[in-house]
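Asks: Sharing data_39.pdb, PDB, C-alpha atoms:
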```
ATOM      1  CA  MET A   1       9.803 -25.708 -26.465
ATOM      2  CA  ASP A   2      11.031 -25.412 -30.040
ATOM      3  CA  TYR A   3      13.614 -22.801 -31.001
ATOM      4  CA  LEU A   4      11.115 -20.357 -32.526
ATOM      5  CA  GLU A   5       8.989 -20.317 -29.357
ATOM      6  CA  PHE A   6      12.189 -19.962 -27.314
ATOM      7  CA  LEU A   7      13.154 -16.839 -29.311
ATOM      8  CA  LYS A   8       9.660 -15.371 -29.003
ATOM      9  CA  ASP A   9       9.967 -15.680 -25.218
ATOM     10  CA  MET A  10      13.436 -14.082 -25.189
ATOM     11  CA  ARG A  11      12.091 -10.518 -25.276
ATOM     12  CA  THR A  12      13.648  -7.494 -23.598
ATOM     13  CA  ARG A  13      12.076  -7.136 -20.187
ATOM     14  CA  ARG A  14      13.398  -4.090 -18.374
ATOM     15  CA  ILE A  15      11.550  -4.426 -15.073
ATOM     16  CA  MET A  16      13.279  -7.085 -12.969
ATOM     17  CA  ASP A  17      12.426  -8.820  -9.707
ATOM     18  CA  GLN A  18      15.112  -8.870  -7.033
ATOM     19  CA  ILE A  19      16.929 -12.221  -7.021
ATOM     20  CA  THR A  20      20.486 -13.418  -6.469
ATOM     21  CA  ILE A  21      22.469 -14.695  -9.419
ATOM     22  CA  GLU A  22      25.509 -16.635  -8.271
ATOM     23  CA  LYS A  23      28.991 -16.161  -9.708
ATOM     24  CA  ASN A  24      29.055 -19.742 -11.042
ATOM     25  CA  ALA A  25      25.856 -19.183 -13.046
ATOM     26  CA  LEU A  26      27.420 -16.133 -14.708
ATOM     27  CA  ILE A  27      30.629 -18.033 -15.481
ATOM     28  CA  GLU A  28      28.593 -20.866 -17.010
ATOM     29  CA  ILE A  29      26.711 -18.363 -19.170
ATOM     30  CA  ILE A  30      29.971 -16.770 -20.351
ATOM     31  CA  GLU A  31      31.460 -20.204 -21.102
ATOM     32  CA  HIS A  32      28.992 -20.580 -23.975
ATOM     33  CA  THR A  33      30.855 -17.801 -25.819
ATOM     34  CA  ARG A  34      34.006 -19.942 -25.991
ATOM     35  CA  TYR A  35      32.269 -22.178 -28.491
ATOM     36  CA  CYS A  36      30.393 -19.684 -30.650
ATOM     37  CA  ALA A  37      31.660 -18.336 -33.947
ATOM     38  CA  SER A  38      34.264 -15.584 -34.093
ATOM     39  CA  ALA A  39      35.083 -13.696 -37.300
ATOM     40  CA  VAL A  40      38.336 -15.136 -38.668
ATOM     41  CA  ASN A  41      38.555 -16.930 -35.284
ATOM     42  CA  GLN A  42      40.098 -13.764 -33.780
ATOM     43  CA  GLN A  43      38.546 -14.350 -30.339
ATOM     44  CA  ILE A  44      39.163 -10.709 -29.408
ATOM     45  CA  LEU A  45      36.287 -10.357 -26.958
ATOM     46  CA  ARG A  46      36.738 -10.481 -23.198
ATOM     47  CA  TYR A  47      34.106 -10.529 -20.455
ATOM     48  CA  ALA A  48      33.556  -9.178 -16.977
ATOM     49  CA  TYR A  49      30.627  -9.960 -14.701
ATOM     50  CA  PHE A  50      29.087  -8.192 -11.742
ATOM     51  CA  ASN A  51      26.593  -9.474  -9.175
ATOM     52  CA  GLN A  52      27.425  -7.466  -6.028
ATOM     53  CA  ASP A  53      25.114  -4.653  -4.862
ATOM     54  CA  ASN A  54      27.580  -1.751  -4.991
ATOM     55  CA  ASP A  55      28.823  -2.586  -8.482
ATOM     56  CA  LEU A  56      25.297  -3.344  -9.709
ATOM     57  CA  GLN A  57      24.043   0.036  -8.539
ATOM     58  CA  THR A  58      27.002   1.874 -10.071
ATOM     59  CA  ILE A  59      26.520   0.187 -13.449
ATOM     60  CA  PHE A  60      22.733   0.510 -13.290
ATOM     61  CA  GLU A  61      23.008   4.273 -12.723
ATOM     62  CA  SER A  62      25.325   4.567 -15.742
ATOM     63  CA  THR A  63      22.724   3.078 -18.127
ATOM     64  CA  ASN A  64      19.740   4.413 -20.004
ATOM     65  CA  LEU A  65      17.509   2.183 -17.828
ATOM     66  CA  VAL A  66      17.436   4.948 -15.233
ATOM     67  CA  LYS A  67      17.360   8.033 -17.421
ATOM     68  CA  ARG A  68      15.314   6.999 -20.442
ATOM     69  CA  HIS A  69      13.227   4.090 -19.171
ATOM     70  CA  LYS A  70      12.709   5.371 -15.602
ATOM     71  CA  ILE A  71      13.408   1.961 -14.009
ATOM     72  CA  GLU A  72      13.623   2.179 -10.225
ATOM     73  CA  THR A  73      16.447   0.654  -8.179
ATOM     74  CA  LYS A  74      14.072  -1.961  -6.745
ATOM     75  CA  ASN A  75      13.551  -3.236 -10.327
ATOM     76  CA  ARG A  76      17.179  -3.171 -11.471
ATOM     77  CA  PRO A  77      18.930  -6.219 -12.975
ATOM     78  CA  SER A  78      20.508  -8.767 -10.630
ATOM     79  CA  ALA A  79      23.732  -9.082 -12.643
ATOM     80  CA  PHE A  80      25.611  -7.593 -15.561
ATOM     81  CA  ILE A  81      27.914  -9.256 -18.067
ATOM     82  CA  VAL A  82      30.148  -6.789 -19.876
ATOM     83  CA  ILE A  83      31.439  -7.580 -23.348
ATOM     84  CA  GLY A  84      34.653  -5.796 -24.225
ATOM     85  CA  THR A  85      38.178  -6.156 -25.518
ATOM     86  CA  SER A  86      41.521  -6.279 -23.728
ATOM     87  CA  SER A  87      43.014  -3.682 -26.059
ATOM     88  CA  ARG A  88      41.517  -0.695 -27.834
ATOM     89  CA  GLN A  89      39.928  -1.958 -31.056
ATOM     90  CA  LYS A  90      38.867   0.335 -33.822
ATOM     91  CA  ALA A  91      35.328  -0.216 -34.986
ATOM     92  CA  SER A  92      35.255  -2.884 -37.655
ATOM     93  CA  THR A  93      32.839  -5.237 -39.290
ATOM     94  CA  MET A  94      34.593  -8.185 -37.627
ATOM     95  CA  LEU A  95      34.329  -6.651 -34.152
ATOM     96  CA  GLY A  96      30.643  -5.969 -34.782
ATOM     97  CA  ILE A  97      30.090  -9.553 -35.954
ATOM     98  CA  ASP A  98      31.749 -10.982 -32.856
ATOM     99  CA  ILE A  99      29.811  -8.695 -30.499
ATOM    100  CA  GLY A 100      26.501  -9.567 -32.175
ATOM    101  CA  ILE A 101      27.152 -13.304 -31.967
ATOM    102  CA  SER A 102      28.292 -12.965 -28.360
ATOM    103  CA  ILE A 103      25.224 -10.945 -27.338
ATOM    104  CA  GLN A 104      22.866 -13.554 -28.754
ATOM    105  CA  THR A 105      24.846 -16.445 -27.257
ATOM    106  CA  ILE A 106      24.870 -14.884 -23.781
ATOM    107  CA  ARG A 107      21.166 -14.010 -23.934
ATOM    108  CA  GLU A 108      20.249 -17.537 -25.050
ATOM    109  CA  ALA A 109      22.456 -19.150 -22.374
ATOM    110  CA  ALA A 110      20.875 -16.909 -19.717
ATOM    111  CA  LYS A 111      17.371 -17.813 -20.941
ATOM    112  CA  LEU A 112      18.230 -21.529 -20.775
ATOM    113  CA  LYS A 113      19.036 -20.957 -17.092
ATOM    114  CA  GLY A 114      15.664 -19.254 -16.592
ATOM    115  CA  TYR A 115      16.883 -15.643 -16.627
ATOM    116  CA  ASP A 116      15.728 -12.695 -18.685
ATOM    117  CA  SER A 117      18.206 -10.286 -20.244
ATOM    118  CA  ILE A 118      18.603  -6.912 -21.879
ATOM    119  CA  CYS A 119      21.284  -5.822 -24.323
ATOM    120  CA  ILE A 120      22.401  -2.295 -23.384
ATOM    121  CA  MET A 121      24.597  -0.257 -25.700
ATOM    122  CA  SER A 122      23.880   3.115 -24.073
ATOM    123  CA  PHE A 123      25.933   3.298 -20.877
ATOM    124  CA  ASN A 124      28.901   5.194 -19.457
ATOM    125  CA  LYS A 125      31.844   3.101 -20.640
ATOM    126  CA  GLU A 126      34.333   4.913 -18.424
ATOM    127  CA  VAL A 127      32.348   4.035 -15.280
ATOM    128  CA  VAL A 128      32.284   0.341 -16.214
ATOM    129  CA  LYS A 129      35.945   0.369 -17.306
ATOM    130  CA  GLY A 130      36.853   1.754 -13.872
ATOM    131  CA  LEU A 131      35.134  -1.176 -12.128
ATOM    132  CA  VAL A 132      37.052  -3.825 -14.088
ATOM    133  CA  LYS A 133      40.455  -2.596 -12.866
ATOM    134  CA  GLU A 134      42.308  -4.168 -15.792
ATOM    135  CA  GLU A 135      43.118  -3.186 -19.340
ATOM    136  CA  PHE A 136      39.569  -3.547 -20.620
ATOM    137  CA  TYR A 137      37.440  -1.606 -23.094
ATOM    138  CA  PRO A 138      33.687  -2.158 -22.601
ATOM    139  CA  GLU A 139      31.530  -2.354 -25.717
ATOM    140  CA  CYS A 140      28.209  -3.737 -24.499
ATOM    141  CA  LEU A 141      26.322  -4.669 -21.331
ATOM    142  CA  ILE A 142      23.999  -7.600 -20.897
ATOM    143  CA  ALA A 143      21.718  -7.006 -17.908
ATOM    144  CA  ILE A 144      20.443 -10.258 -16.394
ATOM    145  CA  GLY A 145      17.634 -10.940 -13.967
ATOM    146  CA  LYS A 146      14.215 -12.459 -13.570
ATOM    147  CA  SER A 147      11.199 -10.541 -14.741
ATOM    148  CA  SER A 148       7.477 -10.967 -14.300
ATOM    149  CA  GLN A 149       6.827  -8.248 -16.901
ATOM    150  CA  GLU A 150       4.444  -9.398 -19.617
ATOM    151  CA  ILE A 151       5.405  -8.808 -23.237
ATOM    152  CA  ARG A 152       3.112  -9.153 -26.234
ATOM    153  CA  ILE A 153       4.230  -9.655 -29.859
ATOM    154  CA  VAL A 154       1.992  -8.406 -32.674
ATOM    155  CA  ASP A 155       2.439  -9.092 -36.413
ATOM    156  CA  SER A 156       2.773  -5.933 -38.466
ATOM    157  CA  LYS A 157       3.252  -5.156 -42.140
ATOM    158  CA  GLU A 158       4.666  -1.664 -41.552
ATOM    159  CA  ASP A 159       5.374  -0.513 -37.994
ATOM    160  CA  VAL A 160       8.380  -1.986 -36.175
ATOM    161  CA  GLY A 161       8.120   0.100 -33.013
ATOM    162  CA  TYR A 162       6.933  -0.858 -29.577
ATOM    163  CA  PHE A 163       4.303   0.635 -27.350
ATOM    164  CA  ARG A 164       2.063  -0.047 -24.379
ATOM    165  CA  ASP A 165      -1.318  -1.445 -25.346
ATOM    166  CA  GLU A 166      -4.686  -0.663 -23.734
ATOM    167  CA  ASP A 167      -3.822  -3.060 -20.855
ATOM    168  CA  ASN A 168      -0.457  -1.259 -20.341
ATOM    169  CA  ILE A 169       1.417  -4.323 -21.637
ATOM    170  CA  HIS A 170       4.733  -3.757 -23.410
ATOM    171  CA  THR A 171       3.863  -4.659 -27.008
ATOM    172  CA  LEU A 172       6.286  -5.235 -29.893
ATOM    173  CA  ASN A 173       5.420  -4.993 -33.557
ATOM    174  CA  LYS A 174       7.294  -7.577 -35.627
ATOM    175  CA  LEU A 175       7.297  -7.494 -39.400
ATOM    176  CA  THR A 176       5.524 -10.420 -41.039
ATOM    177  CA  LEU A 177       7.549 -12.959 -42.993
ATOM    178  CA  ASP A 178       6.202 -11.725 -46.338
ATOM    179  CA  LYS A 179       7.771  -8.307 -45.544
ATOM    180  CA  LEU A 180      11.142  -9.810 -44.540
ATOM    181  CA  ILE A 181      11.665 -12.093 -47.534
ATOM    182  CA  VAL A 182      12.124 -10.078 -50.726
ATOM    183  CA  LYS A 183      12.399 -12.993 -53.171
TER     184      LYS A 183
END
```
Mind converting the file's structure to structure tokens?

Replies:
Amino acid sequence: MDYLEFLKDMRTRRIMDQITIEKNALIEIIEHTRYCASAVNQQILRYAYFNQDNDLQTIFESTNLVKRHKIETKNRPSAFIVIGTSSRQKASTMLGIDIGISIQTIREAAKLKGYDSICIMSFNKEVVKGLVKEEFYPECLIAIGKSSQEIRIVDSKEDVGYFRDEDNIHTLNKLTLDKLIVK
């Protein structure tokens, strides 16, 4: 599969099948972040992972997957990787750059292992911070699992939203290249 097809398949699938993701698989996924770019080589990000039922349920309930997307417990992710810092960082362009690069790296590494993933920014940070039990400030969650949910991508010149089509398939509008390139 070429890289473009790989990215097209790396869609957000929120409905997961119940599987076990081993600790070593999560560590291997996180290891990829050691080698990705970091703004001014600060390397300020730290990571925590969770794959045990009690922690998974606690984190799951703190996300918008339950409230906004109405995902049931039986379809929750099988693991979470938390991206954070070991000290309180004020919002900065560099922090945002590092988080963005890290999110993409983790999601690609998970996909290479055959897992699907979701980037979640809307969650209760205090709940997750309490589970880490160290000086840690969560910024982002990556939910990981295996999904059989079908996703369809549709070219669009205007609309960038997503919807369910007539077959109830999660459908994403993606701007065409002529709309993305201005000159």

Asks: Would you translate the PyMOL selection byres ((chain A and resi 102) around 12) into the concrete set of residues it matches in this file, as JSON, numbers by chain?

Replies: {"A": [29, 30, 31, 32, 33, 34, 35, 36, 37, 38, 39, 43, 44, 45, 46, 47, 81, 82, 83, 84, 95, 96, 97, 98, 99, 100, 101, 103, 104, 105, 106, 107, 108, 109, 119, 139, 140, 141, 142]}

Asks: Quick one: of A:Ile59, A:Ile15, A:Lys111, A:Met94, who's nearest to Ile71 of chain A, counting all atoms listed in the file?

Replies: A:Ile15

Asks: When the PyMOL selection byres ((chain A and resi 63) around 8) is applied to the structure above, which residues does it catch, written out as an MDAnalysis selection string?

Replies: chainID A and resid 59:62 64:67 120 122:124

Asks: Could you state which residues are captured by the PyMOL selection byres ((chain A and resi 152-157) around 10) in this file, as a ChimeraX atom specification?

Replies: /A:8-9,11,150-151,158-165,169-180

Asks: Using all atoms listed in the file, pick whichever of A:Gln52, A:Thr58, A:Val40, A:Ser148 has the shortest atom-to-atom distance to Val127 of chain A.

Replies: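 Smallest separation from Val127 of chain A among the options: A:Thr58.
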
Asks: With distances taken over all atoms listed in the file, which residue among A:Glu28, A:Glu126, A:Asp55, A:Asp116 lies nearest Met16 of chain A?

Replies: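 Closest residue, counting all atoms listed in the file: A:Asp116.
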
Asks: What is the distance, in Å and to one decimal place, between atom CA of Tyr137 of chain A and atom CA of Met121 of chain A?

Replies: 13.2 Å

Asks: Edge lengths and centre in Å to one decimal, as AutoDock Vina command-line options, of the axis-aligned box that encloses all listed atoms of segment 42-56 of chain A with 3 Å added on every side?

Replies:
```
--center_x 32.6 --center_y -8.1 --center_z -19.3 --size_x 21.0 --size_y 18.6 --size_z 34.9
```

Asks: Quote the spacing between atom CA of Val132 of chain A and atom CA of Leu112 of chain A in Å to one decimal place.

Replies: 26.7 Å

Asks: Restricting the calculation to all atoms listed in the file: of A:Ile118, A:Leu4, A:Ile27, A:Leu131, which residue gets closest to Asn54 of chain A?

Replies: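 For Asn54 of chain A, the nearest of the given residues is A:Leu131.
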
Asks: Tell me which of A:Arg68, A:Arg88, A:Lys129, A:Lys113 sits closest to Glu22 of chain A, counting only C-alpha atoms.

Replies: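 Of the candidates, the smallest distance to Glu22 of chain A is held by A:Lys113.
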
Asks: Rounded to one decimal, what separation in Å do you get between atom CA of Glu166 of chain A and atom CA of Gly114 of chain A?

Replies: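 Computed distance, atom CA of Glu166 of chain A to atom CA of Gly114 of chain A, equals 28.5 Å.
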
Asks: Using only C-alpha atoms, determine which residues lie at most 8 Å from Ile19 of chain A, disregarding the query and same-chain residues fewer than 6 positions distant; provide the list as a count of residues only.

Replies: 3

Asks: Counting only C-alpha atoms, which of A:Ile144, A:Val128, A:Tyr3, A:Thr93 gets nearest to Thr20 of chain A?

Replies: A:Ile144

Asks: Pull segment 103-174 of chain A out of the block and emit C-alpha atoms, as a PDB file, in the first residue's frame.

Replies:
```
ATOM      1  CA  ILE A 103      -0.428  12.475  17.341  1.00  0.00           C
ATOM      2  CA  GLN A 104       0.261  11.648  13.706  1.00  0.00           C
ATOM      3  CA  THR A 105       3.276   9.483  14.562  1.00  0.00           C
ATOM      4  CA  ILE A 106       1.337   7.461  17.144  1.00  0.00           C
ATOM      5  CA  ARG A 107      -1.664   7.028  14.839  1.00  0.00           C
ATOM      6  CA  GLU A 108       0.552   5.878  11.960  1.00  0.00           C
ATOM      7  CA  ALA A 109       2.512   3.469  14.194  1.00  0.00           C
ATOM      8  CA  ALA A 110      -0.766   2.028  15.519  1.00  0.00           C
ATOM      9  CA  LYS A 111      -2.099   1.610  11.963  1.00  0.00           C
ATOM     10  CA  LEU A 112       1.101  -0.200  10.936  1.00  0.00           C
ATOM     11  CA  LYS A 113       0.334  -2.686  13.723  1.00  0.00           C
ATOM     12  CA  GLY A 114      -3.205  -3.134  12.385  1.00  0.00           C
ATOM     13  CA  TYR A 115      -5.011  -0.921  14.907  1.00  0.00           C
ATOM     14  CA  ASP A 116      -7.399   1.955  14.366  1.00  0.00           C
ATOM     15  CA  SER A 117      -7.156   5.133  16.419  1.00  0.00           C
ATOM     16  CA  ILE A 118      -8.943   8.303  17.401  1.00  0.00           C
ATOM     17  CA  CYS A 119      -7.405  11.581  18.517  1.00  0.00           C
ATOM     18  CA  ILE A 120      -9.448  12.930  21.445  1.00  0.00           C
ATOM     19  CA  MET A 121      -8.940  16.458  22.725  1.00  0.00           C
ATOM     20  CA  SER A 122     -12.228  16.670  24.642  1.00  0.00           C
ATOM     21  CA  PHE A 123     -11.789  14.719  27.876  1.00  0.00           C
ATOM     22  CA  ASN A 124     -11.568  15.341  31.616  1.00  0.00           C
ATOM     23  CA  LYS A 125      -7.863  16.029  32.108  1.00  0.00           C
ATOM     24  CA  GLU A 126      -8.082  15.830  35.889  1.00  0.00           C
ATOM     25  CA  VAL A 127      -9.488  12.281  35.737  1.00  0.00           C
ATOM     26  CA  VAL A 128      -6.641  11.128  33.483  1.00  0.00           C
ATOM     27  CA  LYS A 129      -4.022  13.025  35.516  1.00  0.00           C
ATOM     28  CA  GLY A 130      -5.251  11.187  38.623  1.00  0.00           C
ATOM     29  CA  LEU A 131      -4.668   7.796  36.965  1.00  0.00           C
ATOM     30  CA  VAL A 132      -1.043   8.552  36.060  1.00  0.00           C
ATOM     31  CA  LYS A 133      -0.010   9.112  39.694  1.00  0.00           C
ATOM     32  CA  GLU A 134       3.026  11.191  38.731  1.00  0.00           C
ATOM     33  CA  GLU A 135       3.690  14.803  37.883  1.00  0.00           C
ATOM     34  CA  PHE A 136       1.950  14.696  34.518  1.00  0.00           C
ATOM     35  CA  TYR A 137      -0.244  17.129  32.597  1.00  0.00           C
ATOM     36  CA  PRO A 138      -2.401  15.426  29.937  1.00  0.00           C
ATOM     37  CA  GLU A 139      -2.919  17.277  26.665  1.00  0.00           C
ATOM     38  CA  CYS A 140      -4.369  14.674  24.309  1.00  0.00           C
ATOM     39  CA  LEU A 141      -5.678  11.104  24.215  1.00  0.00           C
ATOM     40  CA  ILE A 142      -5.175   8.615  21.433  1.00  0.00           C
ATOM     41  CA  ALA A 143      -7.798   5.868  21.672  1.00  0.00           C
ATOM     42  CA  ILE A 144      -6.641   2.620  20.059  1.00  0.00           C
ATOM     43  CA  GLY A 145      -8.553  -0.469  19.032  1.00  0.00           C
ATOM     44  CA  LYS A 146      -9.772  -2.499  16.109  1.00  0.00           C
ATOM     45  CA  SER A 147     -12.837  -1.381  14.238  1.00  0.00           C
ATOM     46  CA  SER A 148     -15.053  -2.968  11.631  1.00  0.00           C
ATOM     47  CA  GLN A 149     -16.817   0.369  11.055  1.00  0.00           C
ATOM     48  CA  GLU A 150     -16.887   1.343   7.391  1.00  0.00           C
ATOM     49  CA  ILE A 151     -15.825   4.854   6.431  1.00  0.00           C
ATOM     50  CA  ARG A 152     -16.351   6.494   3.056  1.00  0.00           C
ATOM     51  CA  ILE A 153     -14.398   9.492   1.698  1.00  0.00           C
ATOM     52  CA  VAL A 154     -16.082  11.817  -0.802  1.00  0.00           C
ATOM     53  CA  ASP A 155     -14.405  14.630  -2.783  1.00  0.00           C
ATOM     54  CA  SER A 156     -15.978  18.014  -2.166  1.00  0.00           C
ATOM     55  CA  LYS A 157     -15.351  21.534  -3.411  1.00  0.00           C
ATOM     56  CA  GLU A 158     -17.093  23.232  -0.474  1.00  0.00           C
ATOM     57  CA  ASP A 159     -18.313  21.118   2.447  1.00  0.00           C
ATOM     58  CA  VAL A 160     -15.730  19.697   4.860  1.00  0.00           C
ATOM     59  CA  GLY A 161     -18.159  18.123   7.319  1.00  0.00           C
ATOM     60  CA  TYR A 162     -19.059  14.512   7.850  1.00  0.00           C
ATOM     61  CA  PHE A 163     -22.376  12.751   7.854  1.00  0.00           C
ATOM     62  CA  ARG A 164     -24.048   9.375   7.520  1.00  0.00           C
ATOM     63  CA  ASP A 165     -25.005   8.526   3.958  1.00  0.00           C
ATOM     64  CA  GLU A 166     -28.142   6.701   2.783  1.00  0.00           C
ATOM     65  CA  ASP A 167     -26.537   3.362   3.808  1.00  0.00           C
ATOM     66  CA  ASN A 168     -25.773   4.781   7.306  1.00  0.00           C
ATOM     67  CA  ILE A 169     -22.035   4.772   6.528  1.00  0.00           C
ATOM     68  CA  HIS A 170     -19.866   7.406   8.207  1.00  0.00           C
ATOM     69  CA  THR A 171     -18.922   9.636   5.266  1.00  0.00           C
ATOM     70  CA  LEU A 172     -16.244  12.346   5.191  1.00  0.00           C
ATOM     71  CA  ASN A 173     -16.107  15.218   2.749  1.00  0.00           C
ATOM     72  CA  LYS A 174     -12.531  16.085   1.784  1.00  0.00           C
TER      73      LYS A 174
END
```
